[in-house]
$ cat model-v6.cif   # mmCIF, C-alpha atoms
data_input
#
loop_
_atom_site.label_atom_id
_atom_site.label_comp_id
_atom_site.auth_asym_id
_atom_site.auth_seq_id
_atom_site.Cartn_x
_atom_site.Cartn_y
_atom_site.Cartn_z
CA MET A 1 67.86 143.33 110.62
CA LYS A 2 65.24 145.15 112.66
CA PHE A 3 62.99 148.11 111.97
CA LEU A 4 62.20 150.86 114.45
CA CYS A 5 59.18 153.15 114.31
CA VAL A 6 61.02 156.26 115.39
CA GLU A 7 57.86 158.23 116.19
CA CYS A 8 56.57 155.55 118.57
CA ASP A 9 60.00 154.25 119.62
CA GLN A 10 58.63 150.75 118.94
CA GLN A 11 60.27 147.81 117.21
CA MET A 12 58.25 147.05 114.10
CA ALA A 13 57.01 143.50 113.62
CA PHE A 14 57.44 141.42 110.49
CA ALA A 15 54.10 141.22 108.68
CA GLU A 16 54.43 139.75 105.20
CA ARG A 17 56.92 138.53 102.61
CA GLN A 18 56.50 138.53 98.83
CA LEU A 19 58.73 136.94 96.20
CA PRO A 20 57.68 138.45 92.85
CA GLY A 21 59.80 135.92 90.95
CA ASP A 22 62.18 138.44 89.39
CA GLY A 23 64.91 137.91 91.97
CA THR A 24 63.66 140.69 94.21
CA LEU A 25 62.05 140.43 97.62
CA ALA A 26 59.47 142.54 99.44
CA ALA A 27 58.93 142.31 103.16
CA SER A 28 56.61 144.50 105.18
CA PHE A 29 56.92 145.45 108.83
CA LYS A 30 54.21 146.99 111.00
CA CYS A 31 54.42 149.18 114.07
CA PRO A 32 52.41 147.45 116.79
CA LYS A 33 51.55 150.81 118.36
CA CYS A 34 50.52 153.14 115.53
CA GLY A 35 49.92 150.58 112.81
CA ARG A 36 52.30 152.21 110.32
CA VAL A 37 53.59 149.76 107.72
CA VAL A 38 56.89 150.01 105.88
CA ALA A 39 58.15 147.78 103.11
CA MET A 40 61.73 146.61 102.65
CA LEU A 41 62.48 146.03 98.98
CA THR A 42 65.71 144.26 98.04
CA ASN A 43 67.30 144.10 94.62
CA PRO A 44 68.35 140.73 93.13
CA MET A 45 71.90 140.98 94.48
CA GLU A 46 70.71 141.78 97.99
CA THR A 47 68.12 139.02 97.85
CA GLN A 48 70.75 136.56 96.71
CA LEU A 49 73.04 137.54 99.57
CA VAL A 50 70.32 136.70 102.10
CA SER A 51 69.47 133.46 100.29
CA SER A 52 73.11 132.43 100.21
CA LEU A 53 73.07 132.30 104.01
CA GLY A 54 70.41 129.61 103.88
CA VAL A 55 67.82 131.69 105.73
CA GLU A 56 64.41 133.05 104.80
CA ILE A 57 63.21 136.48 105.84
CA GLY A 58 59.89 136.05 107.56
CA GLY A 59 60.87 132.66 108.91
CA ARG A 60 60.51 129.17 107.57
CA THR A 61 57.17 127.47 107.24
CA VAL A 62 58.88 124.09 106.80
CA PRO A 63 62.33 122.93 107.99
CA SER A 64 65.14 123.17 105.49
CA GLU A 65 65.71 120.10 103.35
CA PRO A 66 69.10 118.36 103.14
CA PHE A 67 71.29 119.96 100.48
CA GLU A 68 68.74 122.69 99.99
CA MET A 69 71.34 125.26 98.99
CA VAL A 70 73.22 122.94 96.67
CA ASN A 71 70.08 121.60 95.04
CA THR A 72 68.60 125.08 94.63
CA PHE A 73 71.57 127.14 93.52
CA VAL A 74 74.24 124.89 92.02
CA THR A 75 73.97 124.58 88.28
CA GLY A 76 75.98 121.84 86.76
CA GLY A 77 73.26 120.40 84.63
CA PRO A 78 70.11 121.67 82.97
CA THR A 79 68.63 124.95 84.16
CA TRP A 80 65.01 125.46 85.16
CA SER A 81 62.89 128.11 83.49
CA PRO A 82 60.97 130.44 85.86
CA ASP A 83 57.67 128.74 84.91
CA ALA A 84 59.14 125.32 85.62
CA GLN A 85 60.53 126.55 88.95
CA ASP A 86 57.09 127.80 89.92
CA ARG A 87 55.60 124.46 89.05
CA LEU A 88 58.28 122.61 90.98
CA ALA A 89 57.62 124.86 94.00
CA ARG A 90 54.06 123.57 94.09
CA VAL A 91 55.26 119.98 94.55
CA PRO A 92 55.03 118.93 98.23
CA SER A 93 58.35 119.67 99.86
CA PHE A 94 58.95 116.13 101.10
CA VAL A 95 59.13 114.79 97.53
CA ARG A 96 60.34 117.93 95.77
CA GLY A 97 63.99 116.91 95.78
CA MET A 98 63.21 113.52 94.29
CA VAL A 99 60.94 115.02 91.64
CA LYS A 100 63.58 117.59 90.74
CA LYS A 101 66.19 114.87 90.33
CA ILE A 102 63.89 112.79 88.11
CA TYR A 103 63.31 115.69 85.74
CA GLY A 104 66.97 116.68 85.90
CA ASP A 105 68.09 113.17 85.01
CA TYR A 106 65.56 113.06 82.17
CA ALA A 107 66.89 116.34 80.79
CA LYS A 108 70.50 115.17 80.99
CA GLU A 109 69.70 111.90 79.24
CA HIS A 110 67.98 113.79 76.44
CA GLY A 111 70.54 116.56 76.17
CA ILE A 112 68.05 119.21 77.27
CA ALA A 113 69.66 122.41 78.51
CA GLU A 114 66.58 124.02 80.05
CA ILE A 115 63.65 122.36 81.77
CA THR A 116 60.36 124.05 80.93
CA PRO A 117 56.76 123.09 81.80
CA ALA A 118 56.48 121.53 78.34
CA ILE A 119 59.55 119.38 79.00
CA MET A 120 58.06 118.40 82.35
CA ASP A 121 54.83 117.35 80.62
CA THR A 122 56.71 115.25 78.08
CA ALA A 123 58.88 113.62 80.74
CA ARG A 124 55.88 112.96 82.92
CA THR A 125 54.13 111.16 80.11
CA GLU A 126 57.16 109.19 78.98
CA LEU A 127 58.17 108.20 82.50
CA GLY A 128 54.66 107.51 83.74
CA LEU A 129 54.80 110.15 86.45
CA GLU A 130 51.25 111.46 86.33
CA GLY A 131 50.64 113.84 89.23
CA MET A 132 54.24 115.02 89.57
CA MET B 1 66.94 156.73 118.52
CA ARG B 2 67.51 153.25 119.92
CA THR B 3 70.11 151.05 118.29
CA TYR B 4 70.02 147.43 117.12
CA HIS B 5 70.97 145.74 120.40
CA GLN B 6 68.51 147.89 122.31
CA LEU B 7 65.59 146.41 120.36
CA THR B 8 64.90 143.17 122.20
CA ASP B 9 61.46 142.12 121.00
CA PRO B 10 61.31 138.65 119.42
CA ASP B 11 62.22 138.69 115.72
CA ARG B 12 59.35 137.04 113.86
CA SER B 13 61.66 136.69 110.89
CA GLY B 14 63.54 134.20 113.03
CA LEU B 15 66.86 134.73 111.26
CA ALA B 16 68.85 134.09 114.43
CA GLU B 17 66.87 130.91 115.07
CA GLN B 18 67.46 129.73 111.51
CA ILE B 19 71.20 130.28 111.83
CA GLY B 20 71.08 128.52 115.21
CA ALA B 21 69.34 125.53 113.65
CA GLN B 22 72.06 125.31 111.00
CA ARG B 23 74.75 125.35 113.67
CA ARG B 24 73.00 122.70 115.74
CA ARG B 25 72.74 120.41 112.73
CA VAL B 26 76.48 120.69 112.11
CA ALA B 27 77.28 120.27 115.80
CA GLU B 28 75.25 117.06 115.93
CA ARG B 29 77.18 115.64 112.98
CA VAL B 30 80.55 116.70 114.34
CA ALA B 31 79.70 115.10 117.68
CA SER B 32 79.67 111.71 115.95
CA MET B 33 83.18 112.23 114.54
CA HIS B 34 86.08 111.13 116.72
CA ARG B 35 88.64 113.25 114.90
CA ILE B 36 88.63 115.84 112.12
CA VAL B 37 91.86 116.62 110.28
CA ALA B 38 92.30 119.22 107.55
CA VAL B 39 94.75 118.40 104.77
CA MET B 40 96.06 121.73 103.51
CA SER B 41 98.91 123.32 101.70
CA GLY B 42 98.25 126.82 100.53
CA LYS B 43 100.07 125.79 97.33
CA GLY B 44 98.28 124.26 94.36
CA GLY B 45 99.38 121.12 92.59
CA VAL B 46 101.29 119.50 95.45
CA GLY B 47 99.01 116.49 95.71
CA LYS B 48 96.74 117.31 98.66
CA SER B 49 93.85 115.27 97.30
CA TYR B 50 96.16 112.39 96.40
CA VAL B 51 97.55 112.35 99.93
CA THR B 52 94.07 112.72 101.42
CA ALA B 53 92.60 109.83 99.45
CA ASN B 54 95.47 107.45 100.13
CA LEU B 55 95.71 108.41 103.78
CA GLY B 56 91.96 107.87 104.16
CA ARG B 57 92.20 104.46 102.53
CA ALA B 58 95.07 103.41 104.76
CA VAL B 59 93.21 104.42 107.90
CA ALA B 60 90.10 102.64 106.65
CA ARG B 61 92.07 99.45 105.97
CA SER B 62 93.07 99.43 109.61
CA GLY B 63 89.41 99.08 110.51
CA ASP B 64 88.44 102.67 111.23
CA ALA B 65 85.43 104.44 109.74
CA VAL B 66 86.73 107.24 107.51
CA GLY B 67 85.07 110.05 105.61
CA VAL B 68 86.48 112.65 103.24
CA LEU B 69 84.87 116.04 102.68
CA ASP B 70 86.12 117.42 99.37
CA ALA B 71 86.26 121.15 100.05
CA ASP B 72 87.62 121.91 96.59
CA LEU B 73 84.32 123.02 95.12
CA ASN B 74 85.72 124.18 91.79
CA GLY B 75 88.09 121.30 91.11
CA PRO B 76 86.70 118.26 92.91
CA THR B 77 88.88 115.17 92.51
CA ILE B 78 88.14 113.01 95.52
CA PRO B 79 85.37 110.89 93.90
CA GLY B 80 87.76 109.97 91.10
CA LEU B 81 90.66 109.18 93.41
CA LEU B 82 88.45 107.01 95.61
CA LYS B 83 86.62 105.58 92.60
CA ALA B 84 83.33 106.51 94.21
CA PRO B 85 80.35 105.77 91.97
CA ALA B 86 79.28 108.76 89.88
CA GLY B 87 75.96 110.30 90.80
CA ALA B 88 75.77 108.42 94.09
CA ALA B 89 73.81 110.06 96.85
CA ALA B 90 76.05 111.63 99.44
CA PRO B 91 77.95 110.13 101.05
CA ALA B 92 79.29 107.97 98.25
CA VAL B 93 81.41 105.00 99.33
CA GLY B 94 84.73 104.57 97.58
CA LEU B 95 87.77 102.32 97.76
CA ASP B 96 88.35 100.56 101.09
CA GLY B 97 84.97 101.82 102.28
CA VAL B 98 85.95 105.47 102.57
CA LYS B 99 82.86 107.69 102.52
CA CYS B 100 83.02 110.96 100.66
CA VAL B 101 81.03 113.98 99.66
CA SER B 102 82.16 116.24 96.87
CA MET B 103 80.82 118.83 94.51
CA GLY B 104 81.75 116.30 91.85
CA GLN B 105 78.69 114.31 92.90
CA PHE B 106 76.39 117.23 92.12
CA LEU B 107 77.82 118.35 88.79
CA GLY B 108 77.44 116.77 85.41
CA ASP B 109 80.52 115.20 83.84
CA GLY B 110 82.90 118.03 82.99
CA ALA B 111 80.42 120.72 84.03
CA PRO B 112 81.95 123.69 85.85
CA LEU B 113 80.54 124.84 89.17
CA ALA B 114 78.16 127.74 88.78
CA PHE B 115 75.58 129.21 91.12
CA LYS B 116 72.25 130.58 90.01
CA GLY B 117 71.98 134.24 90.82
CA PRO B 118 72.52 137.74 89.48
CA SER B 119 75.80 137.87 87.61
CA ALA B 120 76.59 141.51 88.39
CA GLU B 121 78.90 141.79 91.38
CA SER B 122 78.45 138.12 92.16
CA PHE B 123 81.53 138.26 94.39
CA VAL B 124 79.26 139.85 97.00
CA TRP B 125 77.28 136.66 97.56
CA ARG B 126 79.50 133.92 96.08
CA GLY B 127 81.62 133.48 99.21
CA ALA B 128 78.55 133.07 101.39
CA MET B 129 77.11 130.57 98.92
CA GLU B 130 80.31 128.52 98.96
CA ALA B 131 80.43 128.56 102.76
CA SER B 132 76.80 127.41 102.89
CA THR B 133 77.67 124.59 100.51
CA LEU B 134 80.44 123.44 102.85
CA ARG B 135 78.01 123.65 105.76
CA GLU B 136 75.61 121.36 103.94
CA PHE B 137 78.42 118.95 103.05
CA LEU B 138 79.27 118.70 106.72
CA GLY B 139 75.84 118.88 108.31
CA ASP B 140 73.45 117.34 105.78
CA VAL B 141 75.43 114.19 104.99
CA ASP B 142 74.52 111.08 106.94
CA TRP B 143 78.13 110.32 107.78
CA GLY B 144 77.30 107.94 110.62
CA GLU B 145 79.89 107.39 113.32
CA LEU B 146 83.32 108.30 111.96
CA ASP B 147 86.71 107.68 113.52
CA LEU B 148 88.25 110.20 111.15
CA LEU B 149 86.94 112.89 108.82
CA LEU B 150 89.54 114.32 106.45
CA LEU B 151 88.92 117.78 105.00
CA ASP B 152 90.56 118.01 101.59
CA LEU B 153 91.22 121.74 101.20
CA PRO B 154 91.90 123.51 97.90
CA PRO B 155 94.87 125.86 97.46
CA GLY B 156 94.68 129.00 99.53
CA MET B 157 93.22 129.34 103.01
CA GLN B 158 89.71 130.65 102.42
CA ARG B 159 88.06 127.24 102.78
CA TYR B 160 90.09 126.53 105.91
CA VAL B 161 88.83 129.71 107.57
CA GLU B 162 85.25 129.00 106.50
CA LEU B 163 85.42 125.46 107.87
CA CYS B 164 86.86 126.70 111.16
CA ASP B 165 83.78 128.91 111.52
CA ILE B 166 81.38 126.15 110.45
CA ILE B 167 82.88 123.47 112.69
CA GLY B 168 83.19 125.86 115.58
CA LYS B 169 86.83 125.19 116.35
CA PRO B 170 89.96 124.99 114.24
CA PRO B 171 90.76 121.40 113.20
CA PRO B 172 94.25 119.92 113.41
CA VAL B 173 96.01 120.30 110.06
CA LEU B 174 98.29 118.05 108.06
CA THR B 175 100.43 120.08 105.69
CA VAL B 176 101.44 118.90 102.24
CA THR B 177 104.33 120.38 100.28
CA ILE B 178 106.66 119.45 97.47
CA PRO B 179 110.42 119.91 97.98
CA THR B 180 110.84 123.22 96.12
CA PRO B 181 111.53 126.58 97.77
CA GLU B 182 108.56 128.06 95.91
CA SER B 183 106.27 125.55 97.57
CA ARG B 184 107.91 126.13 100.94
CA ASP B 185 107.25 129.86 100.77
CA ALA B 186 103.58 129.42 99.87
CA VAL B 187 103.03 126.69 102.44
CA ARG B 188 104.70 128.75 105.14
CA ARG B 189 101.99 131.41 104.81
CA ALA B 190 99.28 128.78 105.13
CA MET B 191 100.89 127.29 108.21
CA HIS B 192 101.10 130.71 109.84
CA THR B 193 97.40 131.20 109.14
CA ALA B 194 96.54 127.82 110.64
CA ARG B 195 98.67 128.40 113.71
CA GLU B 196 97.31 131.91 114.27
CA ARG B 197 93.80 130.53 113.98
CA GLY B 198 94.58 127.97 116.68
CA SER B 199 94.94 124.74 114.73
CA GLU B 200 97.32 122.06 115.93
CA LEU B 201 100.01 121.52 113.29
CA LEU B 202 100.35 117.75 113.02
CA GLY B 203 103.31 117.75 110.67
CA ILE B 204 104.54 117.86 107.12
CA VAL B 205 104.07 115.46 104.24
CA GLU B 206 106.59 116.01 101.46
CA ASN B 207 105.15 114.76 98.20
CA MET B 208 106.69 114.11 94.76
CA VAL B 209 110.13 113.43 96.22
CA GLY B 210 113.02 112.15 94.17
CA ARG B 211 112.73 113.44 90.62
CA GLU B 212 112.38 116.88 89.07
CA TYR B 213 111.57 118.77 92.23
CA HIS B 214 114.57 119.73 94.32
CA GLY B 215 114.76 121.48 97.65
CA THR B 216 114.38 121.11 101.37
CA ALA B 217 110.88 122.50 101.89
CA ALA B 218 109.75 119.87 104.38
CA ASP B 219 112.85 120.13 106.55
CA ASP B 220 112.78 123.92 106.45
CA LEU B 221 109.12 124.06 107.49
CA ALA B 222 109.57 121.39 110.14
CA LYS B 223 112.40 123.37 111.68
CA GLU B 224 110.59 126.68 111.54
CA PHE B 225 107.32 125.41 113.02
CA HIS B 226 108.80 122.73 115.31
CA VAL B 227 106.74 119.94 113.76
CA PRO B 228 107.81 116.54 112.42
CA VAL B 229 108.13 115.46 108.79
CA LEU B 230 105.62 112.63 108.89
CA ALA B 231 106.21 111.20 105.42
CA ARG B 232 108.21 111.66 102.26
CA ILE B 233 106.20 110.34 99.34
CA PRO B 234 108.14 109.28 96.22
CA TRP B 235 106.56 109.24 92.78
CA HIS B 236 105.70 105.55 93.04
CA PRO B 237 105.21 105.05 96.77
CA PRO B 238 105.14 101.65 98.40
CA GLY B 239 101.93 100.89 100.29
CA ASN B 240 103.55 101.01 103.70
CA VAL B 241 104.20 104.75 103.27
CA TRP B 242 100.47 105.36 103.69
CA ASP B 243 100.13 102.90 106.55
CA GLU B 244 102.89 104.67 108.45
CA LEU B 245 101.33 108.05 107.79
CA ALA B 246 97.95 106.67 108.93
CA ASP B 247 99.48 105.69 112.26
CA HIS B 248 100.60 109.29 112.78
CA VAL B 249 97.35 110.95 111.77
CA SER B 250 94.41 108.81 112.79
CA GLY B 251 94.94 109.38 116.49
CA THR B 252 93.06 106.21 117.34
CA ARG B 253 96.00 103.93 117.95
#

$ encode --input "model-v6.cif" --output "structure tokens"
Amino acid sequence: MKFLCVECDQQMAFAERQLPGDGTLAASFKCPKCGRVVAMLTNPMETQLVSSLGVEIGGRTVPSEPFEMVNTFVTGGPTWSPDAQDRLARVPSFVRGMVKKIYGDYAKEHGIAEITPAIMDTARTELGLEGM
Amino acid sequence: MRTYHQLTDPDRSGLAEQIGAQRRRVAERVASMHRIVAVMSGKGGVGKSYVTANLGRAVARSGDAVGVLDADLNGPTIPGLLKAPAGAAAPAVGLDGVKCVSMGQFLGDGAPLAFKGPSAESFVWRGAMEASTLREFLGDVDWGELDLLLLDLPPGMQRYVELCDIIGKPPPVLTVTIPTPESRDAVRRAMHTARERGSELLGIVENMVGREYHGTAADDLAKEFHVPVLARIPWHPPGNVWDELADHVSGTR
């Protein structure tokens, strides 16, 4: 998608992306000529449609990881609470998949349906994973 | 007002570049595969996965490197048929050294496939999510050099069409049917789809021959589409049935 500043007849440039955490997305675009800024706000269904293509509006800051879609969206085991997802997102990307699997395996072994920060703390202590 | 294609400034969102990177990753994997064959039917319950697994094993026993991509995301059976270790990182290695990737490796025992996302009108994004999953199965798996990759398709033709787009060209297809006229009629539609899409029709495998199922589906389809009946698989097939089918399909001998 592209945005046109009709008054200036200029293609607007992507400026910023925000993910509020409620399934919605906000992206702002700025006219390079007049400086006008518009925001594109997508609802959860629209955001999911973009995500399901494996792309990120605003561009990627790091290359996609193997099985990124499957690991992020497929639920066949325990689910992750929003707080736990935020915490997992702060783990460096190159070990995030491994860390996610460790907590997921811990939850499965203990019959835990939802991984929360408290569960992560308990698992970290029991498994000796300080720092993860 | 200018229209989309008239706006030519670089897109800082980089969506086109991201899609391009996905396609390059798949193309690099496909380049290391000598041959890709889709095993399809259009009809459920005819034994596509059974044929796929045994065909793959027979080709592997002849010394070729074989992989199986289980495209049945909702009812994955390939890991079980190949006795691939549960929970193994993709690709898992099953009987006779056949490599495989399957949704079964990502789901807990007995857990149904579900995607995180808004439940309302999920049909809008579910198809794209499933296609992206297939793209990752093809492009993100370290398959290594393969002589043959078999695509085990579920009933219907949606996955076939998606894989044609992902691979970039329609793969040759091996068609599986059972003898009944009901199967023939469903399989006929699938074969028309494959032919119209540009796939080479390799031939027919008639499965579950010799007991309750009666009919001439394989011969009827072979005549209509001018393709050979490559194998007729009885309920308890001798091993050489698969070896003979392997000779027809692998394309390396």

$ closest_residue --input "model-v6.cif" --among "B:Gly168, B:Pro112, B:Pro238, B:Gly117" --to "Met45 of chain A" --atoms "all atoms listed in the file"
B:Gly117

$ atom_distance --input "model-v6.cif" --atom1 "atom CA of Leu69 of chain B" --atom2 "atom CA of Ile36 of chain B"
10.2 Å

$ closest_atom_pairs --input "model-v6.cif" --of "chain A" --to "chain B" --cutoff "10 Å" --atoms "all atoms listed in the file" --output "CSV"
residue,atom,partner,partner_atom,distance
A:Met1,CA,B:Tyr4,CA,8.0
A:Lys2,CA,B:Tyr4,CA,6.9
A:Phe3,CA,B:Tyr4,CA,8.7
A:Leu4,CA,B:Arg2,CA,8.0
A:Cys5,CA,B:Met1,CA,9.5
A:Val6,CA,B:Met1,CA,6.7
A:Glu7,CA,B:Met1,CA,9.5
A:Asp9,CA,B:Met1,CA,7.5
A:Gln10,CA,B:Leu7,CA,8.3
A:Gln11,CA,B:Leu7,CA,6.3
A:Met12,CA,B:Asp9,CA,9.1
A:Ala13,CA,B:Arg12,CA,6.9
A:Phe14,CA,B:Arg12,CA,5.8
A:Ala15,CA,B:Arg12,CA,8.5
A:Glu16,CA,B:Ser13,CA,9.7
A:Arg17,CA,B:Ser13,CA,9.7
A:Gly23,CA,B:Pro118,CA,8.0
A:Ala27,CA,B:Ser13,CA,9.9
A:Asn43,CA,B:Pro118,CA,9.7
A:Pro44,CA,B:Pro118,CA,6.3
A:Met45,CA,B:Pro118,CA,6.0
A:Glu46,CA,B:Trp125,CA,8.3
A:Thr47,CA,B:Gly117,CA,9.3
A:Gln48,CA,B:Gly117,CA,6.4
A:Leu49,CA,B:Trp125,CA,4.8
A:Val50,CA,B:Trp125,CA,8.3
A:Ser51,CA,B:Met129,CA,8.3
A:Ser52,CA,B:Met129,CA,4.6
A:Leu53,CA,B:Ala128,CA,6.1
A:Gly54,CA,B:Ser132,CA,6.8
A:Val55,CA,B:Gln18,CA,6.1
A:Glu56,CA,B:Leu15,CA,7.1
A:Ile57,CA,B:Ser13,CA,5.3
A:Gly58,CA,B:Ser13,CA,3.8
A:Gly59,CA,B:Ser13,CA,4.6
A:Arg60,CA,B:Gln18,CA,8.0
A:Pro63,CA,B:Gln18,CA,9.2
A:Ser64,CA,B:Gln22,CA,9.1
A:Glu65,CA,B:Asp140,CA,8.6
A:Pro66,CA,B:Asp140,CA,5.2
A:Phe67,CA,B:Glu136,CA,5.7
A:Glu68,CA,B:Glu136,CA,8.0
A:Met69,CA,B:Thr133,CA,6.5
A:Val70,CA,B:Thr133,CA,6.1
A:Asn71,CA,B:Phe106,CA,8.2
A:Thr72,CA,B:Lys116,CA,8.1
A:Phe73,CA,B:Lys116,CA,5.0
A:Val74,CA,B:Phe115,CA,4.6
A:Thr75,CA,B:Ala114,CA,5.3
A:Gly76,CA,B:Leu107,CA,4.4
A:Gly77,CA,B:Gly108,CA,5.6
A:Pro78,CA,B:Gly108,CA,9.1
A:Thr79,CA,B:Lys116,CA,8.9
A:Lys108,CA,B:Gly108,CA,8.4

$ closest_residue --input "model-v6.cif" --among "B:Thr193, B:Ser62, B:Thr177, B:Asn54" --to "Asp247 of chain B" --atoms "all atoms listed in the file"
B:Ser62

$ closest_residue --input "model-v6.cif" --among "A:Met120, A:Val91, A:Leu19, A:Val37" --to "Asp105 of chain A" --atoms "all atoms listed in the file"
A:Met120

$ atom_distance --input "model-v6.cif" --atom1 "atom CA of Leu174 of chain B" --atom2 "atom CA of Leu202 of chain B"
5.4 Å

$ resolve_selection --input "model-v6.cif" --expression "the PyMOL selection byres ((chain B and resi 71) around 7)" --output "list in words"
Leu69, Asp70, Asp72, Leu73, Leu134, Leu151, Asp152, Leu153, Pro154 and Arg159 of chain B

$ atom_distance --input "model-v6.cif" --atom1 "atom CA of Gly97 of chain B" --atom2 "atom CA of Val26 of chain B"
22.9 Å

$ resolve_selection --input "model-v6.cif" --expression "the PyMOL selection byres ((chain B and resi 220-228) around 7)" --output "ChimeraX atom specification"
/B:184,188,201-204,216-219,229-230

$ write_last_selection --input "model-v6.cif" --atoms "C-alpha atoms" --output "PDB file, in the coordinates of the input"
ATOM      1  CA  ARG B 184     107.910 126.130 100.940  1.00  0.00           C
ATOM      2  CA  ARG B 188     104.700 128.750 105.140  1.00  0.00           C
ATOM      3  CA  LEU B 201     100.010 121.520 113.290  1.00  0.00           C
ATOM      4  CA  LEU B 202     100.350 117.750 113.020  1.00  0.00           C
ATOM      5  CA  GLY B 203     103.310 117.750 110.670  1.00  0.00           C
ATOM      6  CA  ILE B 204     104.540 117.860 107.120  1.00  0.00           C
ATOM      7  CA  THR B 216     114.380 121.110 101.370  1.00  0.00           C
ATOM      8  CA  ALA B 217     110.880 122.500 101.890  1.00  0.00           C
ATOM      9  CA  ALA B 218     109.750 119.870 104.380  1.00  0.00           C
ATOM     10  CA  ASP B 219     112.850 120.130 106.550  1.00  0.00           C
ATOM     11  CA  VAL B 229     108.130 115.460 108.790  1.00  0.00           C
ATOM     12  CA  LEU B 230     105.620 112.630 108.890  1.00  0.00           C
TER      13      LEU B 230
END

$ resolve_selection --input "model-v6.cif" --expression "the PyMOL selection byres ((chain B and resi 95) around 7)" --output "PyMOL selection string"
chain B and resi 57+82-83+94+96-98

$ closest_residue --input "model-v6.cif" --among "B:Met191, B:Val209, B:Leu245, B:Ile166" --to "Gly42 of chain B" --atoms "only C-alpha atoms"
B:Met191

$ residues_around --input "model-v6.cif" --residues "Trp80 of chain A" --least-positions-apart "4" --cutoff "8 Å" --atoms "all atoms listed in the file" --output "short mmCIF file (atom, residue, chain, number, x, y, z; two decimals) with C-alpha atoms, in the frame of the given file"
data_model
loop_
_atom_site.label_atom_id
_atom_site.label_comp_id
_atom_site.auth_asym_id
_atom_site.auth_seq_id
_atom_site.Cartn_x
_atom_site.Cartn_y
_atom_site.Cartn_z
CA ALA A 84 59.14 125.32 85.62
CA GLN A 85 60.53 126.55 88.95
CA GLU A 114 66.58 124.02 80.05
CA ILE A 115 63.65 122.36 81.77
CA THR A 116 60.36 124.05 80.93
#

$ closest_residue --input "model-v6.cif" --among "B:Ile167, B:Leu55, B:Leu81, B:Ala60" --to "Arg24 of chain B" --atoms "all atoms listed in the file"
B:Ile167

$ decode --input "model-v6.cif" --residues "segment 29-42 of chain B" --atoms "N, CA and C atoms" --output "PDB file, in the first residue's frame"
ATOM      1  N   ARG B  29      16.088 -23.238  -1.966  1.00  0.00           N
ATOM      2  CA  ARG B  29      15.831 -24.624  -1.527  1.00  0.00           C
ATOM      3  C   ARG B  29      15.443 -25.500  -2.717  1.00  0.00           C
ATOM      4  N   VAL B  30      14.537 -24.998  -3.524  1.00  0.00           N
ATOM      5  CA  VAL B  30      14.041 -25.792  -4.656  1.00  0.00           C
ATOM      6  C   VAL B  30      15.178 -26.102  -5.630  1.00  0.00           C
ATOM      7  N   ALA B  31      16.146 -25.183  -5.718  1.00  0.00           N
ATOM      8  CA  ALA B  31      17.263 -25.397  -6.639  1.00  0.00           C
ATOM      9  C   ALA B  31      18.098 -26.616  -6.251  1.00  0.00           C
ATOM     10  N   SER B  32      18.012 -27.025  -4.974  1.00  0.00           N
ATOM     11  CA  SER B  32      18.794 -28.186  -4.541  1.00  0.00           C
ATOM     12  C   SER B  32      17.968 -29.469  -4.597  1.00  0.00           C
ATOM     13  N   MET B  33      16.803 -29.392  -5.231  1.00  0.00           N
ATOM     14  CA  MET B  33      15.936 -30.573  -5.356  1.00  0.00           C
ATOM     15  C   MET B  33      15.879 -30.986  -6.823  1.00  0.00           C
ATOM     16  N   HIS B  34      16.271 -32.221  -7.087  1.00  0.00           N
ATOM     17  CA  HIS B  34      16.305 -32.681  -8.478  1.00  0.00           C
ATOM     18  C   HIS B  34      14.900 -32.778  -9.059  1.00  0.00           C
ATOM     19  N   ARG B  35      13.961 -33.220  -8.251  1.00  0.00           N
ATOM     20  CA  ARG B  35      12.608 -33.452  -8.763  1.00  0.00           C
ATOM     21  C   ARG B  35      11.599 -33.265  -7.637  1.00  0.00           C
ATOM     22  N   ILE B  36      10.512 -32.592  -7.937  1.00  0.00           N
ATOM     23  CA  ILE B  36       9.414 -32.430  -6.978  1.00  0.00           C
ATOM     24  C   ILE B  36       8.163 -33.051  -7.595  1.00  0.00           C
ATOM     25  N   VAL B  37       7.517 -33.917  -6.852  1.00  0.00           N
ATOM     26  CA  VAL B  37       6.303 -34.580  -7.339  1.00  0.00           C
ATOM     27  C   VAL B  37       5.194 -34.421  -6.291  1.00  0.00           C
ATOM     28  N   ALA B  38       4.050 -33.963  -6.727  1.00  0.00           N
ATOM     29  CA  ALA B  38       2.896 -33.841  -5.834  1.00  0.00           C
ATOM     30  C   ALA B  38       2.060 -35.119  -5.911  1.00  0.00           C
ATOM     31  N   VAL B  39       1.732 -35.677  -4.749  1.00  0.00           N
ATOM     32  CA  VAL B  39       0.836 -36.827  -4.689  1.00  0.00           C
ATOM     33  C   VAL B  39      -0.539 -36.302  -4.301  1.00  0.00           C
ATOM     34  N   MET B  40      -1.495 -36.414  -5.224  1.00  0.00           N
ATOM     35  CA  MET B  40      -2.794 -35.774  -5.002  1.00  0.00           C
ATOM     36  C   MET B  40      -3.933 -36.722  -5.371  1.00  0.00           C
ATOM     37  N   SER B  41      -5.097 -36.311  -4.971  1.00  0.00           N
ATOM     38  CA  SER B  41      -6.265 -37.092  -5.342  1.00  0.00           C
ATOM     39  C   SER B  41      -7.470 -36.191  -5.602  1.00  0.00           C
ATOM     40  N   GLY B  42      -7.710 -35.307  -4.669  1.00  0.00           N
ATOM     41  CA  GLY B  42      -8.966 -34.572  -4.714  1.00  0.00           C
ATOM     42  C   GLY B  42     -10.022 -35.279  -3.884  1.00  0.00           C
TER      43      GLY B  42
END
